[in-house]
Structures are given as C-alpha cells and as structure tokens.
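Right, one structure below, let's go through it.
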Amino acid sequence: MPTTAHTFQYVFELLGTGFFAVSGALRATDRARPDWFGVTFIGFVTAIGGGSLRDMLLGSYPLVWVSDPWFIYAIFIGIVVARIGYERLLALRRTRLLFDTLGIAMFTILGTEKAIALGVAPLVAAMMGMFSAVMGGVIRDVLTHREPVIFSKEIYATACIAGALLYVLLDRCGVPRELNFCVSGAVIAGVRIIAVKFNLSLPTFPVK
Amino acid sequence: MPTTAHTFQYVFELLGTGFFAVSGALRATDRARPDWFGVTFIGFVTAIGGGSLRDMLLGSYPLVWVSDPWFIYAIFIGIVVARIGYERLLALRRTRLLFDTLGIAMFTILGTEKAIALGVAPLVAAMMGMFSAVMGGVIRDVLTHREPVIFSKEIYATACIAGALLYVLLDRCGVPRELNFCVSGAVIAGVRIIAVKFNLSLPTFPVK
Amino acid sequence: MPTTAHTFQYVFELLGTGFFAVSGALRATDRARPDWFGVTFIGFVTAIGGGSLRDMLLGSYPLVWVSDPWFIYAIFIGIVVARIGYERLLALRRTRLLFDTLGIAMFTILGTEKAIALGVAPLVAAMMGMFSAVMGGVIRDVLTHREPVIFSKEIYATACIAGALLYVLLDRCGVPRELNFCVSGAVIAGVRIIAVKFNLSLPTFPVK
C-alpha cells in the first residue's frame, strides 16, 4: 500500500523523467532541425534509456515505462513544455544546470537502490546507479551521431559513481535510507556544481 | 497446429526478413566498399534488429531468430539475391520503395500484435510495433557510422506509429483481426507512399 | 565443485577480460585525450560488451560480471596496467596482436560453448561465439564515435565465425571438448595471424 514517502518518490520520478525529456529535446535541436517525431523520439530515449539499460542488464522485467504508461505521458508533457518554453529554457542556463544536477542525483540513487534490492554486489549496484543517470544521454548522443557528452564534459558521470559508492557504503554501515538518500544525493549534486563552477575535470589518462 | 493463416503469416515474415536483408545490403554498399562479411553482418542487423530490440525490451525470450534458424537462412538468401540482382535492384527505385513500404507496414502490425499478446498497454504496444519496423535501420545506421535515416527522411516512422495506434484502437473496438491487419497496414503504406510522392514531411519542431 | 580444468578456464577468462580492458584503453587514447573515467568506461565496455550482448540476446541472466565482481576487478587492473606500461605496450605491436588473437579465439569458443549449453541451434551458437569476441569492440567504437573496426580490418570477425562453425561441427561429430577447444581456437588464431602477416582480406561485395 502506497505510503506518503512512496507517493513523493513516484511523483519525483515522473518529474525527473519529464525533465530529462525536456533536456533531450533541447539537445536534439541545438545542431539539427528535427521534426516533431524526431524530437519526441530523442526526448523519449534520453528519458528512459538509462533506466531501461539498467533493467535489461539486470534482467529485471517488465521495464518501468512498459508497465506504467504515466512515464510516457510525462515524456510527452516534457516535449510540449520544451516547445512552449523553448527560448526561455535555452536562456535559463543556470536553472537547467540545477534541474539536470538534481535529476542525475535522484536517478543515480534510485537506480542504486533498485540494484541493491535485486541483490547485486555493492560495486555493481553503484555502477547500475550511474548507468541509470547517464546512459540515456549516451544513447541520445549515439543516435544523433555525436561524441557522447560523458567523455568530454567536466566531472559528470564521476560525480554519479562517487555518490553511488557513498550510498552503498553508508547502506552497509546501517545509515537509514532517507538520510542516506539525502547525503549521497547532495554529494552528487555538490561535486557536479562545484566542478562546473570552477571548471574542474578529472586528470586525463596521461599519454606520453 | 498451424492453420493456413498461420502458414501465410510465417511465409510473409520470412519474406519480409529476407527483404530487409536485401535493403540493408544495398544501403551498406552505397558509401563504403565492405567485404562479404560486412555486408552480411549489416544485412543481418537490419533484418533482425528491430524485432530483437522489441523482444529484449519486453523480456520476451527466446528471440525469434534464435529459436528458428529459418530467419537466418532467409537473411543469407537475401544477401545472395542482393549480390546477383545488384544493378537491377539499384535501378528499381520504385519497386524497392514499394517492397520497403509493405515490409514496414507488415512488421509494424505484427510487432504491435505481439506486444498486445504479451499484455502491455495499447500505447506501449503501438510503440513496440513501430520499433519492430524501424529500429533495425537505426541500428544499421549507427553501426555504419551515419545519421539515422529516421531523423532525416520524409514521414517514415510516423506512418508506422499512426498505423499502429489505429490498430490498437480498432482492436479495442472489436474489429476482427484480419480486417484490422489489412486496414491499419494499408494506412501505414498509404501514408508513406503519399509522403514520398508529394515529398511531405512533418513540421519541424519550430526553433526560433 | 570446481575441478582443475574449471579453475584454469576461470583464470583464463579473467586474464582475457583484463587484456580486453588494456586493449580498449589503448584504443580510447589513440585519437582523443580522455580522462581516467572515460578510459575506464571504454575499457569496461570493450571487455564486457560482447559477452553481455550475447547473454542479453539469449536471455541468460544474471550477466557474468553482475554476479561475479572479479571480472570488474580484472578490468580495473587492466586499466592500471595500461597506464603503467603505456609506452611499452604501444611499442609492442606484435605482442599485442598475439594477445588480442588469443583473446578473441578463447572468447569465441567459450561463447559458442555457452550458447550450445543453453540449447540453441549450432548456427546460432556459432554466431553467439563470434558476437562474444567482437561486439565489445563494436560497442567501444560506436561510443567513441568511429567506424567500427570489424568493417575495415583484415579478416577478423570472419576468423571467429569460421572457428566457431568448426567447433559446433566437431562437437556434433563427438570430438572431445578439450581437443575441440584447442583445434578450433588454433584455427581462429591461425587464420587471423596469417591474414595480418600477408595482409589478406575477404573479397569485397562486388559493386559495379
């Protein structure tokens, strides 16, 4: 029976899904002039790609959006919002960064929790959490024929894996779930925002 | 026990698979000079990619071509046909368009039916039908390092999703399966052929 | 209960996985300057991509690296080795070719055996063996935005499919497993090495 906490989480997941669709739609239009189908398709893939890959790697069926069409409606709403607010959203660079950061933080922790619940090892669960947050963007970039952004940007996927590893560690130490969610999510968001603000990158793999 | 209708459908599925392999082989050679392995590999991916992705998303195992090698033989035959008839097939632009259109119409409806039979929601079933028809081509384009054709062409995937949505709607209204198959398939083929003839596209997602 | 033969095989699989990670890391750095995250991610995908795709196509869960973190440790060790020995490894072209060749030979046969054990038809099992060996590299190339190497190189995937078909044939004829492993693996390695030495390619699919 759904508790208030569950309802909150479900609403946040729908919001996160819709937001990822907005972000995919904006990215789809920054270099090409796709039609409505193309933008919707890219928004859809961006929003559900990471979680779907995680569940297919874990063999956890049915996929979330297959069993609950509300995730698809959230994506459609996101596409419409992206169209209506197009100029404004493009201008609001900081707001988008904030939402994107909250989105990847939430998707990473939720993905990690789901993998733990399926009984996989902590290290694998942390990887699955990171995949949930970033692989939708990777699939989007592959389909739109670009270099995936995770290889070129400031610290991004690294923040996710760091927060996910912290989550599995604190989980092992018996830290309560709600506290752990907030602490580990805040670490992801904090690392990401500091990295963007100070333009921090990981050291390159030093060649020659 | 297989009825005449089932036998017909099976034969058509094999024909469609072989035809998609021909189409993949022609596309693989339009810009590069792959060897026999490369052409066969691309023909194979084009032919089975969409249906395999649908079944992996739905968790419906075993995949069709894994349990029935006749689909693989159909692909090999398609590759040989592509080689023997190469010049002629390249010249027959209209014939290829016709076959391609019949192919995507059939694969869309069969994919939609399979998803319905697995119990998913109508909207998801329609998406799965569209994926069955177009994702083989998307995977082919990604592997051969090109912009996927579904983002640049006249109305293509949109025709599939429209026909698939019509199918699930008529199915809900109790229209008999054979009639529905013909009507919805004809809508896909009709929309596609009219779009090509009059060079119709969807409106672009209007950016400034 | 693990026998000596099983232990040997397990150790070889870990070694092969680590080696594929080294090879992925070297390839990731030959054109770009990725950071440590990027190199590790690419090494990981190269090492586990082929086997994961095979298992997802066959619906064989859990994936090997999901249930046994030692495969992930082997990849991390491979990345560190790639860093420490970077210049030396780049210079040792012949040694890398030898290891790569032994690696694809072993992964092809192990993948074919796994598919046979899951009960698929011989032709499909041979394809799954080839996928195990080469698809990690294909996914790596797609993610790093390049033309996949299997379409441009001397005989490579073709050697794998040839050896895999020989394996399923000899298996049908009742040849003992250990002997078959060595003979079919040697055919893959031999074909590959001869192809590189004499710069052999398959005939191109003859267009015009």
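By order in the structure tokens, chains are A, B, ...; within a chain, residues start at 1; ligands start at 1, following the order shown.
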task: Pick out the chain B residues within 9 Å of chain C. Count only C-alpha atoms. Give them as a PyMOL selection string.
output: chain B and resi 29+33-39+52+56+59-63+65-69+72+83+86-87+142-145
Polymer residues at most 8 Å from region 91-103 of chain A, only C-alpha atoms, same-chain spacing of 5 or more positions, as an mmCIF file with C-alpha atoms, in the first residue's frame:
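Output file part_21.cif is given in full below:
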data_model
loop_
_atom_site.group_PDB
_atom_site.id
_atom_site.type_symbol
_atom_site.label_atom_id
_atom_site.label_comp_id
_atom_site.auth_asym_id
_atom_site.auth_seq_id
_atom_site.Cartn_x
_atom_site.Cartn_y
_atom_site.Cartn_z
ATOM 1 C CA GLY A 16 12.665 13.638 -13.364
ATOM 2 C CA PHE A 19 12.719 16.898 -17.169
ATOM 3 C CA PHE A 20 15.094 14.508 -18.935
ATOM 4 C CA SER A 23 16.726 18.260 -21.777
ATOM 5 C CA ALA A 133 21.564 8.567 -14.722
ATOM 6 C CA ILE A 188 26.500 14.085 -6.353
ATOM 7 C CA ALA A 189 24.855 17.484 -6.782
ATOM 8 C CA ARG A 192 28.802 18.417 -10.051
ATOM 9 C CA ILE A 193 28.002 22.040 -9.257
#
query: If you run DSSP on the backbone, which residues of region 15-178 of chain A are alpha helix (DSSP H), as an MDAnalysis selection string?
result: chainID A and resid 15:28 36:58 64:67 70:84 86:91 93:117 122:143 157:172 177:178
Any chance you can output those residues with C-alpha atoms as a CSV table (one decimal), in the first residue's frame?
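Output file result_25.csv follows:
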chain,number,residue,atom,x,y,z
A,15,LEU,CA,9.1,14.8,-12.8
A,16,GLY,CA,12.7,13.6,-13.4
A,17,THR,CA,11.5,11.7,-16.4
A,18,GLY,CA,9.7,14.7,-17.8
A,19,PHE,CA,12.7,16.9,-17.2
A,20,PHE,CA,15.1,14.5,-18.9
A,21,ALA,CA,12.7,14.6,-21.9
A,22,VAL,CA,12.9,18.4,-22.0
A,23,SER,CA,16.7,18.3,-21.8
A,24,GLY,CA,16.8,15.7,-24.6
A,25,ALA,CA,14.6,17.9,-26.8
A,26,LEU,CA,16.8,20.9,-26.3
A,27,ARG,CA,19.9,19.0,-27.1
A,28,ALA,CA,18.3,17.4,-30.2
A,36,TRP,CA,8.2,16.7,-34.1
A,37,PHE,CA,8.7,12.9,-34.4
A,38,GLY,CA,12.5,13.2,-34.1
A,39,VAL,CA,12.4,15.5,-31.1
A,40,THR,CA,9.9,13.3,-29.3
A,41,PHE,CA,11.9,10.1,-30.1
A,42,ILE,CA,15.1,11.7,-28.8
A,43,GLY,CA,13.4,13.1,-25.7
A,44,PHE,CA,11.9,9.6,-25.1
A,45,VAL,CA,15.3,7.8,-25.5
A,46,THR,CA,17.0,10.4,-23.2
A,47,ALA,CA,14.4,9.9,-20.5
A,48,ILE,CA,14.0,6.2,-20.4
A,49,GLY,CA,17.4,5.0,-21.9
A,50,GLY,CA,19.4,4.8,-18.7
A,51,GLY,CA,16.8,3.0,-16.6
A,52,SER,CA,15.9,0.6,-19.4
A,53,LEU,CA,19.6,-0.3,-20.0
A,54,ARG,CA,20.0,-0.9,-16.2
A,55,ASP,CA,16.9,-3.2,-16.1
A,56,MET,CA,17.9,-5.1,-19.2
A,57,LEU,CA,21.4,-5.6,-17.8
A,58,LEU,CA,19.9,-6.9,-14.6
A,64,VAL,CA,9.1,0.7,-15.7
A,65,TRP,CA,7.6,2.6,-18.7
A,66,VAL,CA,6.3,-0.7,-20.2
A,67,SER,CA,4.2,-1.4,-17.2
A,70,TRP,CA,2.4,7.5,-16.9
A,71,PHE,CA,6.2,7.7,-17.6
A,72,ILE,CA,5.3,8.0,-21.3
A,73,TYR,CA,2.8,10.8,-20.6
A,74,ALA,CA,5.4,12.6,-18.5
A,75,ILE,CA,7.7,12.5,-21.6
A,76,PHE,CA,5.0,13.9,-23.9
A,77,ILE,CA,4.3,16.7,-21.4
A,78,GLY,CA,8.1,17.4,-21.3
A,79,ILE,CA,8.2,17.7,-25.1
A,80,VAL,CA,5.3,20.1,-25.1
A,81,VAL,CA,6.9,22.1,-22.3
A,82,ALA,CA,10.2,22.2,-24.3
A,83,ARG,CA,8.3,23.7,-27.3
A,84,ILE,CA,6.3,26.2,-25.4
A,86,TYR,CA,11.9,27.0,-25.9
A,87,GLU,CA,13.5,30.4,-25.9
A,88,ARG,CA,13.1,30.9,-22.1
A,89,LEU,CA,14.6,27.4,-21.4
A,90,LEU,CA,17.6,28.0,-23.6
A,91,ALA,CA,18.3,31.3,-21.9
A,93,ARG,CA,21.4,28.1,-18.4
A,94,ARG,CA,21.7,28.1,-14.7
A,95,THR,CA,18.2,26.8,-14.0
A,96,ARG,CA,18.7,24.0,-16.4
A,97,LEU,CA,22.0,23.0,-14.8
A,98,LEU,CA,20.3,23.0,-11.4
A,99,PHE,CA,17.5,20.7,-12.6
A,100,ASP,CA,19.8,18.5,-14.6
A,101,THR,CA,22.0,18.1,-11.5
A,102,LEU,CA,19.1,17.3,-9.2
A,103,GLY,CA,17.9,14.9,-11.9
A,104,ILE,CA,21.1,12.9,-12.2
A,105,ALA,CA,21.5,12.8,-8.4
A,106,MET,CA,18.0,11.4,-7.9
A,107,PHE,CA,18.2,8.9,-10.8
A,108,THR,CA,21.6,7.7,-9.6
A,109,ILE,CA,20.4,6.9,-6.1
A,110,LEU,CA,17.1,5.4,-7.2
A,111,GLY,CA,19.0,3.2,-9.7
A,112,THR,CA,21.5,2.1,-7.0
A,113,GLU,CA,18.6,1.3,-4.6
A,114,LYS,CA,16.8,-0.8,-7.2
A,115,ALA,CA,20.0,-2.8,-8.0
A,116,ILE,CA,20.6,-3.4,-4.3
A,117,ALA,CA,17.0,-4.6,-3.9
A,122,PRO,CA,27.6,-3.1,-3.9
A,123,LEU,CA,30.2,-2.2,-6.6
A,124,VAL,CA,27.8,-3.4,-9.3
A,125,ALA,CA,24.9,-1.6,-7.7
A,126,ALA,CA,26.8,1.7,-7.8
A,127,MET,CA,27.6,1.2,-11.5
A,128,MET,CA,24.0,0.5,-12.2
A,129,GLY,CA,23.0,3.7,-10.4
A,130,MET,CA,25.5,5.7,-12.5
A,131,PHE,CA,24.2,4.0,-15.7
A,132,SER,CA,20.6,4.9,-14.8
A,133,ALA,CA,21.6,8.6,-14.7
A,134,VAL,CA,24.0,8.9,-17.7
A,135,MET,CA,23.3,6.2,-20.2
A,136,GLY,CA,20.1,7.9,-21.6
A,137,GLY,CA,22.3,10.8,-22.6
A,138,VAL,CA,24.9,8.4,-24.1
A,139,ILE,CA,22.2,6.6,-26.2
A,140,ARG,CA,20.8,10.0,-27.3
A,141,ASP,CA,24.3,11.2,-28.5
A,142,VAL,CA,24.9,7.9,-30.3
A,143,LEU,CA,21.6,8.1,-32.1
A,157,ALA,CA,29.4,10.6,-14.5
A,158,THR,CA,32.2,10.6,-12.0
A,159,ALA,CA,30.1,12.6,-9.6
A,160,CYS,CA,27.3,9.9,-10.0
A,161,ILE,CA,29.6,7.0,-9.4
A,162,ALA,CA,31.1,8.7,-6.3
A,163,GLY,CA,27.7,9.4,-4.8
A,164,ALA,CA,26.5,5.9,-5.6
A,165,LEU,CA,29.6,4.3,-4.0
A,166,LEU,CA,29.0,6.5,-0.9
A,167,TYR,CA,25.4,5.3,-0.8
A,168,VAL,CA,26.3,1.6,-0.9
A,169,LEU,CA,28.9,2.2,1.8
A,170,LEU,CA,26.6,4.1,4.1
A,171,ASP,CA,23.9,1.5,3.4
A,172,ARG,CA,26.3,-1.2,4.6
A,177,ARG,CA,17.6,5.1,3.9
A,178,GLU,CA,16.1,8.6,3.9
